[in-house]
>>> print(open('structure-v7.txt').read())   # compact mmCIF, C-alpha atoms
# COMPACT_ATOMS: atom_id res chain seq x y z
CA MET M 1 -2.77 -21.49 -24.08
CA PRO M 2 -5.82 -19.17 -24.05
CA ALA M 3 -6.11 -16.69 -21.20
CA PRO M 4 -8.71 -17.66 -18.58
CA ALA M 5 -12.11 -16.03 -18.36
CA LEU M 6 -12.62 -13.50 -15.56
CA THR M 7 -15.51 -12.48 -13.35
CA GLY M 8 -17.67 -9.51 -14.35
CA PRO M 9 -16.01 -7.01 -11.98
CA GLN M 10 -12.54 -8.18 -13.04
CA TYR M 11 -13.33 -7.37 -16.67
CA LEU M 12 -14.01 -3.73 -15.79
CA GLY M 13 -10.81 -3.50 -13.74
CA GLU M 14 -8.76 -5.00 -16.56
CA GLY M 15 -10.48 -2.67 -19.01
CA LEU M 16 -9.37 0.35 -16.98
CA LYS M 17 -5.77 -0.89 -17.12
CA LEU M 18 -6.01 -1.36 -20.88
CA VAL M 19 -7.29 2.14 -21.68
CA LEU M 20 -4.39 3.68 -19.75
CA ARG M 21 -1.92 2.22 -22.25
CA PRO M 22 -0.22 4.87 -24.45
CA GLY M 23 -1.36 3.29 -27.73
CA LEU M 24 -5.04 3.55 -26.77
CA ARG M 25 -5.11 7.06 -25.29
CA LEU M 26 -6.20 8.79 -28.53
CA PHE M 27 -9.28 6.57 -28.75
CA VAL M 28 -10.04 7.29 -25.09
CA LEU M 29 -9.53 11.07 -25.14
CA LEU M 30 -11.99 11.71 -27.99
CA PRO M 31 -15.10 10.14 -26.36
CA LEU M 32 -13.87 11.30 -22.95
CA THR M 33 -13.98 14.95 -24.03
CA VAL M 34 -17.45 14.57 -25.54
CA ASN M 35 -18.79 12.82 -22.44
CA LEU M 36 -17.26 15.37 -20.05
CA LEU M 37 -18.98 18.28 -21.82
CA LEU M 38 -22.30 16.44 -21.91
CA PHE M 39 -22.04 15.40 -18.26
CA ALA M 40 -21.31 18.97 -17.10
CA ALA M 41 -24.34 20.29 -19.00
CA LEU M 42 -26.68 17.58 -17.74
CA ILE M 43 -25.55 17.88 -14.12
CA GLY M 44 -26.07 21.66 -14.20
CA PHE M 45 -29.62 21.17 -15.48
CA ALA M 46 -30.36 18.35 -13.00
CA ILE M 47 -29.23 20.43 -10.01
CA GLN M 48 -31.76 23.13 -10.95
CA GLU M 49 -34.66 20.71 -11.45
CA PHE M 50 -33.84 17.94 -8.96
CA SER M 51 -36.21 18.84 -6.11
CA GLY M 52 -39.13 19.39 -8.52
CA TRP M 53 -38.62 15.96 -10.06
CA VAL M 54 -38.58 14.28 -6.64
CA ASP M 55 -41.77 16.12 -5.60
CA ALA M 56 -43.51 15.08 -8.84
CA LEU M 57 -42.74 11.40 -8.27
CA MET M 58 -43.51 11.32 -4.54
CA PRO M 59 -46.96 9.89 -3.78
CA THR M 60 -49.46 12.14 -1.96
CA LEU M 61 -50.17 10.70 1.47
CA PRO M 62 -52.99 11.59 3.91
CA ASP M 63 -51.97 13.69 6.91
CA TRP M 64 -52.06 10.76 9.32
CA LEU M 65 -49.45 8.96 7.17
CA GLY M 66 -47.29 12.05 6.76
CA PHE M 67 -44.45 10.51 8.78
CA LEU M 68 -43.97 7.94 6.00
CA GLN M 69 -42.78 10.67 3.65
CA TYR M 70 -39.54 10.90 5.59
CA LEU M 71 -39.07 7.16 5.19
CA ILE M 72 -39.80 6.87 1.46
CA TRP M 73 -38.25 10.19 0.38
CA PRO M 74 -34.74 8.65 0.02
CA LEU M 75 -36.23 5.98 -2.27
CA PHE M 76 -37.54 8.61 -4.66
CA VAL M 77 -34.30 10.59 -4.52
CA LEU M 78 -32.59 7.39 -5.63
CA LEU M 79 -35.18 6.95 -8.38
CA VAL M 80 -34.44 10.44 -9.76
CA LEU M 81 -30.70 9.74 -9.62
CA VAL M 82 -31.24 6.51 -11.57
CA LEU M 83 -33.30 8.35 -14.21
CA VAL M 84 -30.62 11.05 -14.55
CA PHE M 85 -28.01 8.32 -14.86
CA PHE M 86 -29.98 6.58 -17.60
CA THR M 87 -30.39 9.83 -19.53
CA PHE M 88 -26.70 10.69 -19.37
CA THR M 89 -25.59 7.17 -20.30
CA LEU M 90 -28.03 6.98 -23.20
CA LEU M 91 -27.02 10.33 -24.71
CA ALA M 92 -23.30 9.85 -24.09
CA ASN M 93 -23.22 6.44 -25.76
CA ILE M 94 -25.18 7.63 -28.79
CA ILE M 95 -22.82 10.57 -29.32
CA ALA M 96 -19.64 8.57 -28.65
CA ALA M 97 -20.70 5.37 -30.47
CA PRO M 98 -18.26 5.64 -33.44
CA PHE M 99 -15.35 6.41 -31.10
CA ASN M 100 -16.34 3.53 -28.81
CA GLY M 101 -16.48 1.19 -31.80
CA PHE M 102 -12.92 2.15 -32.75
CA LEU M 103 -11.77 1.81 -29.14
CA ALA M 104 -13.25 -1.70 -29.01
CA GLU M 105 -11.35 -2.59 -32.19
CA LYS M 106 -8.02 -1.37 -30.84
CA VAL M 107 -8.51 -3.05 -27.46
CA GLU M 108 -9.20 -6.33 -29.25
CA VAL M 109 -5.96 -5.91 -31.21
CA VAL M 110 -4.05 -5.50 -27.94
CA VAL M 111 -5.78 -8.49 -26.30
CA ARG M 112 -5.46 -10.87 -29.26
CA GLY M 113 -2.08 -9.63 -30.48
CA THR M 114 -3.29 -9.58 -34.11
CA ASP M 115 -4.76 -6.72 -36.11
CA ASP M 116 -7.51 -7.68 -38.56
CA PHE M 117 -9.15 -4.24 -38.54
CA PRO M 118 -8.57 -1.26 -40.87
CA ALA M 119 -5.99 1.30 -39.70
CA PHE M 120 -7.37 4.38 -37.97
CA SER M 121 -8.23 7.31 -40.20
CA TRP M 122 -10.82 10.07 -39.98
CA GLY M 123 -12.34 8.69 -43.18
CA GLU M 124 -12.69 5.27 -41.57
CA LEU M 125 -14.27 6.89 -38.51
CA LEU M 126 -16.80 8.75 -40.66
CA ALA M 127 -17.58 5.54 -42.52
CA MET M 128 -18.43 3.85 -39.21
CA ILE M 129 -20.98 6.48 -38.22
CA PRO M 130 -24.00 5.16 -40.19
CA ARG M 131 -23.49 1.60 -38.94
CA THR M 132 -22.85 2.53 -35.32
CA MET M 133 -25.73 5.00 -35.26
CA GLY M 134 -28.02 2.33 -36.68
CA ARG M 135 -26.95 -0.03 -33.94
CA GLU M 136 -27.53 2.64 -31.28
CA MET M 137 -31.04 3.18 -32.65
CA ARG M 138 -31.59 -0.56 -32.32
CA LYS M 139 -30.54 -0.35 -28.68
CA LEU M 140 -32.88 2.58 -28.25
CA ALA M 141 -35.77 0.56 -29.72
CA TYR M 142 -34.99 -2.19 -27.20
CA PHE M 143 -34.63 0.24 -24.30
CA LEU M 144 -37.53 2.67 -24.76
CA PRO M 145 -40.57 0.34 -24.44
CA ARG M 146 -39.14 -1.25 -21.30
CA ALA M 147 -38.07 2.07 -19.82
CA GLY M 148 -41.47 3.54 -20.72
CA ALA M 149 -43.26 0.78 -18.81
CA LEU M 150 -41.04 1.38 -15.78
CA LEU M 151 -41.58 5.14 -16.02
CA ILE M 152 -45.37 4.66 -16.01
CA LEU M 153 -44.97 2.38 -13.01
CA SER M 154 -43.01 5.15 -11.28
CA PHE M 155 -46.12 7.37 -11.27
CA VAL M 156 -48.58 4.76 -9.94
CA PRO M 157 -49.07 5.42 -6.21
CA GLY M 158 -48.10 2.51 -4.01
CA VAL M 159 -46.89 0.37 -6.91
CA ASN M 160 -44.14 2.92 -7.59
CA LEU M 161 -42.32 1.63 -4.51
CA LEU M 162 -41.20 -1.22 -6.78
CA ALA M 163 -39.94 1.14 -9.48
CA THR M 164 -36.48 1.82 -8.06
CA PRO M 165 -35.34 -1.82 -7.65
CA LEU M 166 -36.78 -2.69 -11.08
CA TRP M 167 -34.95 0.26 -12.66
CA ILE M 168 -31.72 -0.93 -11.07
CA ILE M 169 -32.11 -4.51 -12.31
CA PHE M 170 -32.99 -3.28 -15.79
CA GLY M 171 -30.04 -0.86 -15.69
CA ILE M 172 -27.59 -3.63 -14.83
CA TRP M 173 -28.77 -5.69 -17.80
CA MET M 174 -28.64 -2.67 -20.12
CA MET M 175 -25.03 -1.94 -19.14
CA ALA M 176 -24.06 -5.41 -20.33
CA VAL M 177 -26.08 -4.97 -23.53
CA GLN M 178 -24.74 -1.47 -24.19
CA TYR M 179 -21.04 -2.17 -23.92
CA ILE M 180 -20.68 -5.77 -25.04
CA ASP M 181 -22.53 -4.79 -28.20
CA TYR M 182 -19.51 -2.74 -29.39
CA PRO M 183 -17.19 -5.70 -30.05
CA ALA M 184 -20.16 -7.81 -31.19
CA ASP M 185 -21.13 -5.14 -33.72
CA ASN M 186 -17.52 -4.81 -34.92
CA HIS M 187 -17.74 -8.48 -35.89
CA LYS M 188 -21.16 -7.95 -37.53
CA LEU M 189 -22.97 -10.20 -35.04
CA GLY M 190 -26.72 -9.61 -35.37
CA TRP M 191 -28.66 -7.92 -32.57
CA ASN M 192 -30.77 -10.97 -31.66
CA GLU M 193 -27.72 -13.23 -31.79
CA MET M 194 -25.84 -10.86 -29.47
CA LEU M 195 -28.73 -10.91 -26.96
CA ALA M 196 -28.90 -14.71 -27.15
CA TRP M 197 -25.17 -14.94 -26.42
CA LEU M 198 -25.50 -12.60 -23.43
CA ARG M 199 -28.35 -14.72 -22.05
CA GLU M 200 -26.11 -17.79 -22.30
CA LYS M 201 -23.53 -15.84 -20.27
CA ARG M 202 -26.25 -14.43 -18.01
CA TRP M 203 -24.38 -14.40 -14.69
CA GLN M 204 -21.12 -13.15 -16.16
CA SER M 205 -23.09 -10.49 -18.06
CA LEU M 206 -24.95 -9.36 -14.93
CA GLY M 207 -21.71 -9.29 -12.96
CA PHE M 208 -20.08 -7.06 -15.57
CA GLY M 209 -23.22 -4.94 -15.93
CA GLY M 210 -23.58 -4.57 -12.16
CA ILE M 211 -20.07 -3.25 -11.51
CA THR M 212 -20.29 -1.01 -14.57
CA TYR M 213 -23.63 0.34 -13.34
CA LEU M 214 -22.13 1.17 -9.94
CA ALA M 215 -19.04 2.81 -11.43
CA LEU M 216 -21.09 4.94 -13.83
CA MET M 217 -23.33 6.16 -11.00
CA ILE M 218 -20.38 8.01 -9.41
CA PRO M 219 -20.21 11.64 -10.66
CA PHE M 220 -17.09 12.47 -12.71
CA VAL M 221 -15.73 8.96 -12.19
CA ASN M 222 -18.40 7.82 -14.66
CA VAL M 223 -16.86 9.88 -17.47
CA VAL M 224 -13.55 8.02 -17.08
CA MET M 225 -15.20 4.63 -16.59
CA MET M 226 -17.12 4.71 -19.87
CA PRO M 227 -14.06 3.93 -22.03
CA ALA M 228 -12.96 1.43 -19.37
CA ALA M 229 -16.36 -0.27 -19.78
CA VAL M 230 -15.83 -0.47 -23.56
CA ALA M 231 -12.42 -2.04 -23.02
CA GLY M 232 -13.72 -4.40 -20.33
CA ALA M 233 -16.61 -5.48 -22.55
CA THR M 234 -14.18 -6.19 -25.38
CA LEU M 235 -12.08 -8.31 -23.06
CA PHE M 236 -15.32 -10.07 -22.02
CA TRP M 237 -16.08 -10.76 -25.69
CA VAL M 238 -12.64 -12.26 -26.34
CA ARG M 239 -12.27 -14.29 -23.14
CA GLU M 240 -15.85 -15.60 -23.10
CA GLY M 241 -15.65 -16.81 -26.71
CA GLY M 242 -17.79 -14.31 -28.61
CA ASP M 243 -16.18 -15.48 -31.85
CA LYS M 244 -17.80 -18.89 -31.34
CA GLN M 245 -21.21 -17.25 -31.60
CA LEU M 246 -20.14 -15.99 -35.04
CA ALA M 247 -19.45 -19.53 -36.13
CA ASP M 248 -22.76 -20.81 -34.76
CA PRO M 249 -25.28 -17.90 -34.69
CA ARG M 250 -28.76 -18.49 -33.34
>>> encode(input="structure-v7.txt", output="structure tokens")
Amino acid sequence: MPAPALTGPQYLGEGLKLVLRPGLRLFVLLPLTVNLLLFAALIGFAIQEFSGWVDALMPTLPDWLGFLQYLIWPLFVLLVLVLVFFTFTLLANIIAAPFNGFLAEKVEVVVRGTDDFPAFSWGELLAMIPRTMGREMRKLAYFLPRAGALLILSFVPGVNLLATPLWIIFGIWMMAVQYIDYPADNHKLGWNEMLAWLREKRWQSLGFGGITYLALMIPFVNVVMMPAAVAGATLFWVREGGDKQLADPR
């Protein structure tokens, strides 16, 4: 009897349990080390520049509306935090993509109980790099025009008050796209077909993306939660019937 589907947040929780298993630790430690070094460097840079970024985004108000600055300042602090989060997540996933692809394979083996993937070797990992990097560039091509439009909106006085909630909604969707793409790509599901499948599972996808977004916003916790998100997304793929999309691509 097939295991039941879960809610979005449950997938992330189950993913965290999976990556703590002894057989998966090697595939977790490699991207974890890369992400930890990158996160430390980015946080150090962000601390130095943070106040300048907030000041650059804050709208200039006339003196008689000066009191509003104290009300909207937290909104623009949140906007800068969201932008820093996006930058870290983007860079970390590009660098760790081959490792995340292997982790998704091994998690699927554990979940399904059958191993249809090649055994791990450094040669196999190197062979995955061109494909996974190509897929990450495809994600980047999807992300950049939309992020660029939101970034322009962030600098338009008055209208930029909408930027933070729109960034958050977009970020939630991108978390689902980013991580569920690993098992989809391992099965050679095309980019457009993967997006179509996610739209069919819209509410489950947004639930998974939302909890992943929140977890990855927490400093230092986010480094640990990235492999958990890969594992949770793989569980999502298996339980929600991603293999059926392979049989009937759109």
>>> atom_distance(input="structure-v7.txt", atom1="CA of Leu91 in chain M", atom2="CA of Pro130 in chain M")
16.6 Å
>>> atom_distance(input="structure-v7.txt", atom1="CA of Ala104 in chain M", atom2="CA of Ile129 in chain M")
14.5 Å
>>> residues_around(input="structure-v7.txt", residues="range 92-97 of chain M", least_positions_apart="4", cutoff="9 Å", atoms="only C-alpha atoms", output="list in words")
Leu30, Pro31, Leu32, Val34, Asn35, Leu38, Phe39, Thr87, Phe88, Gly101, Phe102, Ile129, Thr132, Met133, Arg135, Glu136, Met137, Gln178, Tyr182 and Met226 of chain M
>>> closest_residue(input="structure-v7.txt", among="M:Ile172, M:Leu29, M:Leu166, M:Val107", to="Ser154 in chain M", atoms="all atoms listed in the file")
M:Leu166
>>> residues_around(input="structure-v7.txt", residues="Val221 in chain M", least_positions_apart="4", cutoff="12 Å", atoms="all atoms listed in the file", output="list of chain:residue names")
M:Leu16, M:Leu32, M:Asn35, M:Leu36, M:Phe39, M:Thr212, M:Tyr213, M:Leu214, M:Ala215, M:Leu216, M:Met217, M:Met225, M:Met226, M:Pro227, M:Ala228, M:Ala229
>>> write_last_selection(input="structure-v7.txt", atoms="C-alpha atoms", output="short mmCIF file (atom, residue, chain, number, x, y, z; two decimals), in the coordinates of the input")
data_model
loop_
_atom_site.label_atom_id
_atom_site.label_comp_id
_atom_site.auth_asym_id
_atom_site.auth_seq_id
_atom_site.Cartn_x
_atom_site.Cartn_y
_atom_site.Cartn_z
CA LEU M 16 -9.37 0.35 -16.98
CA LEU M 32 -13.87 11.30 -22.95
CA ASN M 35 -18.79 12.82 -22.44
CA LEU M 36 -17.26 15.37 -20.05
CA PHE M 39 -22.04 15.40 -18.26
CA THR M 212 -20.29 -1.01 -14.57
CA TYR M 213 -23.63 0.34 -13.34
CA LEU M 214 -22.13 1.17 -9.94
CA ALA M 215 -19.04 2.81 -11.43
CA LEU M 216 -21.09 4.94 -13.83
CA MET M 217 -23.33 6.16 -11.00
CA MET M 225 -15.20 4.63 -16.59
CA MET M 226 -17.12 4.71 -19.87
CA PRO M 227 -14.06 3.93 -22.03
CA ALA M 228 -12.96 1.43 -19.37
CA ALA M 229 -16.36 -0.27 -19.78
#
>>> closest_residue(input="structure-v7.txt", among="M:Met175, M:Ile43, M:Leu37, M:Leu103", to="Arg25 in chain M", atoms="all atoms listed in the file")
M:Leu103
>>> residues_around(input="structure-v7.txt", residues="range 207-211 of chain M", least_positions_apart="2", cutoff="8 Å", atoms="all atoms listed in the file", output="PDB file with C-alpha atoms, in the coordinates of the input")
ATOM      1  CA  THR M   7     -15.510 -12.480 -13.350  1.00  0.00           C
ATOM      2  CA  GLY M   8     -17.670  -9.510 -14.350  1.00  0.00           C
ATOM      3  CA  PRO M   9     -16.010  -7.010 -11.980  1.00  0.00           C
ATOM      4  CA  TYR M  11     -13.330  -7.370 -16.670  1.00  0.00           C
ATOM      5  CA  LEU M  12     -14.010  -3.730 -15.790  1.00  0.00           C
ATOM      6  CA  GLY M 171     -30.040  -0.860 -15.690  1.00  0.00           C
ATOM      7  CA  ILE M 172     -27.590  -3.630 -14.830  1.00  0.00           C
ATOM      8  CA  TRP M 173     -28.770  -5.690 -17.800  1.00  0.00           C
ATOM      9  CA  MET M 174     -28.640  -2.670 -20.120  1.00  0.00           C
ATOM     10  CA  MET M 175     -25.030  -1.940 -19.140  1.00  0.00           C
ATOM     11  CA  ALA M 176     -24.060  -5.410 -20.330  1.00  0.00           C
ATOM     12  CA  TRP M 203     -24.380 -14.400 -14.690  1.00  0.00           C
ATOM     13  CA  GLN M 204     -21.120 -13.150 -16.160  1.00  0.00           C
ATOM     14  CA  SER M 205     -23.090 -10.490 -18.060  1.00  0.00           C
ATOM     15  CA  TYR M 213     -23.630   0.340 -13.340  1.00  0.00           C
ATOM     16  CA  LEU M 214     -22.130   1.170  -9.940  1.00  0.00           C
ATOM     17  CA  ALA M 215     -19.040   2.810 -11.430  1.00  0.00           C
ATOM     18  CA  ALA M 233     -16.610  -5.480 -22.550  1.00  0.00           C
TER      19      ALA M 233
END
>>> atom_distance(input="structure-v7.txt", atom1="CA of Glu14 in chain M", atom2="CA of Val238 in chain M")
12.8 Å
>>> closest_residue(input="structure-v7.txt", among="M:Ile169, M:Asp185, M:Phe155, M:Ala163", to="Arg131 in chain M", atoms="all atoms listed in the file")
M:Asp185
>>> closest_residue(input="structure-v7.txt", among="M:Trp237, M:Tyr179, M:Phe86, M:Trp167", to="Lys201 in chain M", atoms="all atoms listed in the file")
M:Trp237
>>> residues_around(input="structure-v7.txt", residues="Trp191 in chain M", least_positions_apart="5", cutoff="9 Å", atoms="only C-alpha atoms", output="PyMOL selection string")
chain M and resi 135+138-139+181+184-185+196
>>> write_last_selection(input="structure-v7.txt", atoms="C-alpha atoms", output="mmCIF file, keeping the file's coordinate frame")
data_model
loop_
_atom_site.group_PDB
_atom_site.id
_atom_site.type_symbol
_atom_site.label_atom_id
_atom_site.label_comp_id
_atom_site.auth_asym_id
_atom_site.auth_seq_id
_atom_site.Cartn_x
_atom_site.Cartn_y
_atom_site.Cartn_z
ATOM 1 C CA ARG M 135 -26.950 -0.030 -33.940
ATOM 2 C CA ARG M 138 -31.590 -0.560 -32.320
ATOM 3 C CA LYS M 139 -30.540 -0.350 -28.680
ATOM 4 C CA ASP M 181 -22.530 -4.790 -28.200
ATOM 5 C CA ALA M 184 -20.160 -7.810 -31.190
ATOM 6 C CA ASP M 185 -21.130 -5.140 -33.720
ATOM 7 C CA ALA M 196 -28.900 -14.710 -27.150
#
>>> closest_residue(input="structure-v7.txt", among="M:Glu105, M:Asn160, M:Arg112, M:Leu140", to="Leu90 in chain M", atoms="all atoms listed in the file")
M:Leu140
>>> closest_residue(input="structure-v7.txt", among="M:Ile218, M:Val159, M:Leu195, M:Val111", to="Arg239 in chain M", atoms="only C-alpha atoms")
M:Val111
>>> decode(input="structure-v7.txt", residues="range 24-42 of chain M", atoms="N, CA, C and O atoms", output="compact mmCIF listing (two decimals), in the first residue's frame")
# COMPACT_ATOMS: atom_id res chain seq x y z
N LEU M 24 23.09 8.65 4.73
CA LEU M 24 22.96 9.85 3.92
C LEU M 24 23.89 10.97 4.38
O LEU M 24 23.95 12.02 3.74
N ARG M 25 24.62 10.76 5.45
CA ARG M 25 25.40 11.85 6.04
C ARG M 25 26.48 12.38 5.11
O ARG M 25 26.76 13.58 5.08
N LEU M 26 27.14 11.49 4.34
CA LEU M 26 28.19 11.94 3.42
C LEU M 26 27.63 12.95 2.43
O LEU M 26 28.24 13.98 2.16
N PHE M 27 26.44 12.68 1.91
CA PHE M 27 25.84 13.54 0.89
C PHE M 27 25.29 14.83 1.49
O PHE M 27 25.00 15.78 0.77
N VAL M 28 25.16 14.85 2.83
CA VAL M 28 24.74 16.06 3.53
C VAL M 28 25.95 16.91 3.91
O VAL M 28 25.94 18.13 3.77
N LEU M 29 27.02 16.27 4.37
CA LEU M 29 28.19 17.01 4.87
C LEU M 29 28.89 17.80 3.77
O LEU M 29 29.39 18.90 4.02
N LEU M 30 28.92 17.27 2.56
CA LEU M 30 29.62 17.98 1.47
C LEU M 30 28.96 19.32 1.15
O LEU M 30 29.61 20.37 1.22
N PRO M 31 27.65 19.36 0.81
CA PRO M 31 27.03 20.67 0.56
C PRO M 31 26.93 21.52 1.82
O PRO M 31 26.97 22.75 1.74
N LEU M 32 26.83 20.87 2.98
CA LEU M 32 26.74 21.61 4.23
C LEU M 32 28.00 22.44 4.47
O LEU M 32 27.93 23.61 4.86
N THR M 33 29.16 21.85 4.21
CA THR M 33 30.43 22.56 4.39
C THR M 33 30.54 23.74 3.43
O THR M 33 30.93 24.85 3.82
N VAL M 34 30.16 23.51 2.16
CA VAL M 34 30.20 24.58 1.17
C VAL M 34 29.28 25.73 1.58
O VAL M 34 29.66 26.91 1.55
N ASN M 35 28.07 25.39 1.98
CA ASN M 35 27.09 26.41 2.34
C ASN M 35 27.49 27.18 3.59
O ASN M 35 27.25 28.39 3.69
N LEU M 36 28.11 26.51 4.55
CA LEU M 36 28.53 27.17 5.78
C LEU M 36 29.59 28.22 5.50
O LEU M 36 29.54 29.34 6.03
N LEU M 37 30.55 27.89 4.65
CA LEU M 37 31.61 28.85 4.30
C LEU M 37 31.02 30.05 3.55
O LEU M 37 31.37 31.21 3.82
N LEU M 38 30.13 29.76 2.61
CA LEU M 38 29.50 30.84 1.84
C LEU M 38 28.64 31.73 2.75
O LEU M 38 28.69 32.96 2.65
N PHE M 39 27.89 31.12 3.64
CA PHE M 39 27.01 31.87 4.53
C PHE M 39 27.83 32.79 5.44
O PHE M 39 27.48 33.96 5.65
N ALA M 40 28.93 32.30 5.99
CA ALA M 40 29.77 33.11 6.87
C ALA M 40 30.31 34.32 6.13
O ALA M 40 30.32 35.45 6.66
N ALA M 41 30.76 34.11 4.88
CA ALA M 41 31.30 35.22 4.09
C ALA M 41 30.23 36.25 3.77
O ALA M 41 30.45 37.47 3.88
N LEU M 42 29.05 35.78 3.37
CA LEU M 42 27.98 36.70 2.99
C LEU M 42 27.45 37.48 4.19
O LEU M 42 27.18 38.68 4.08
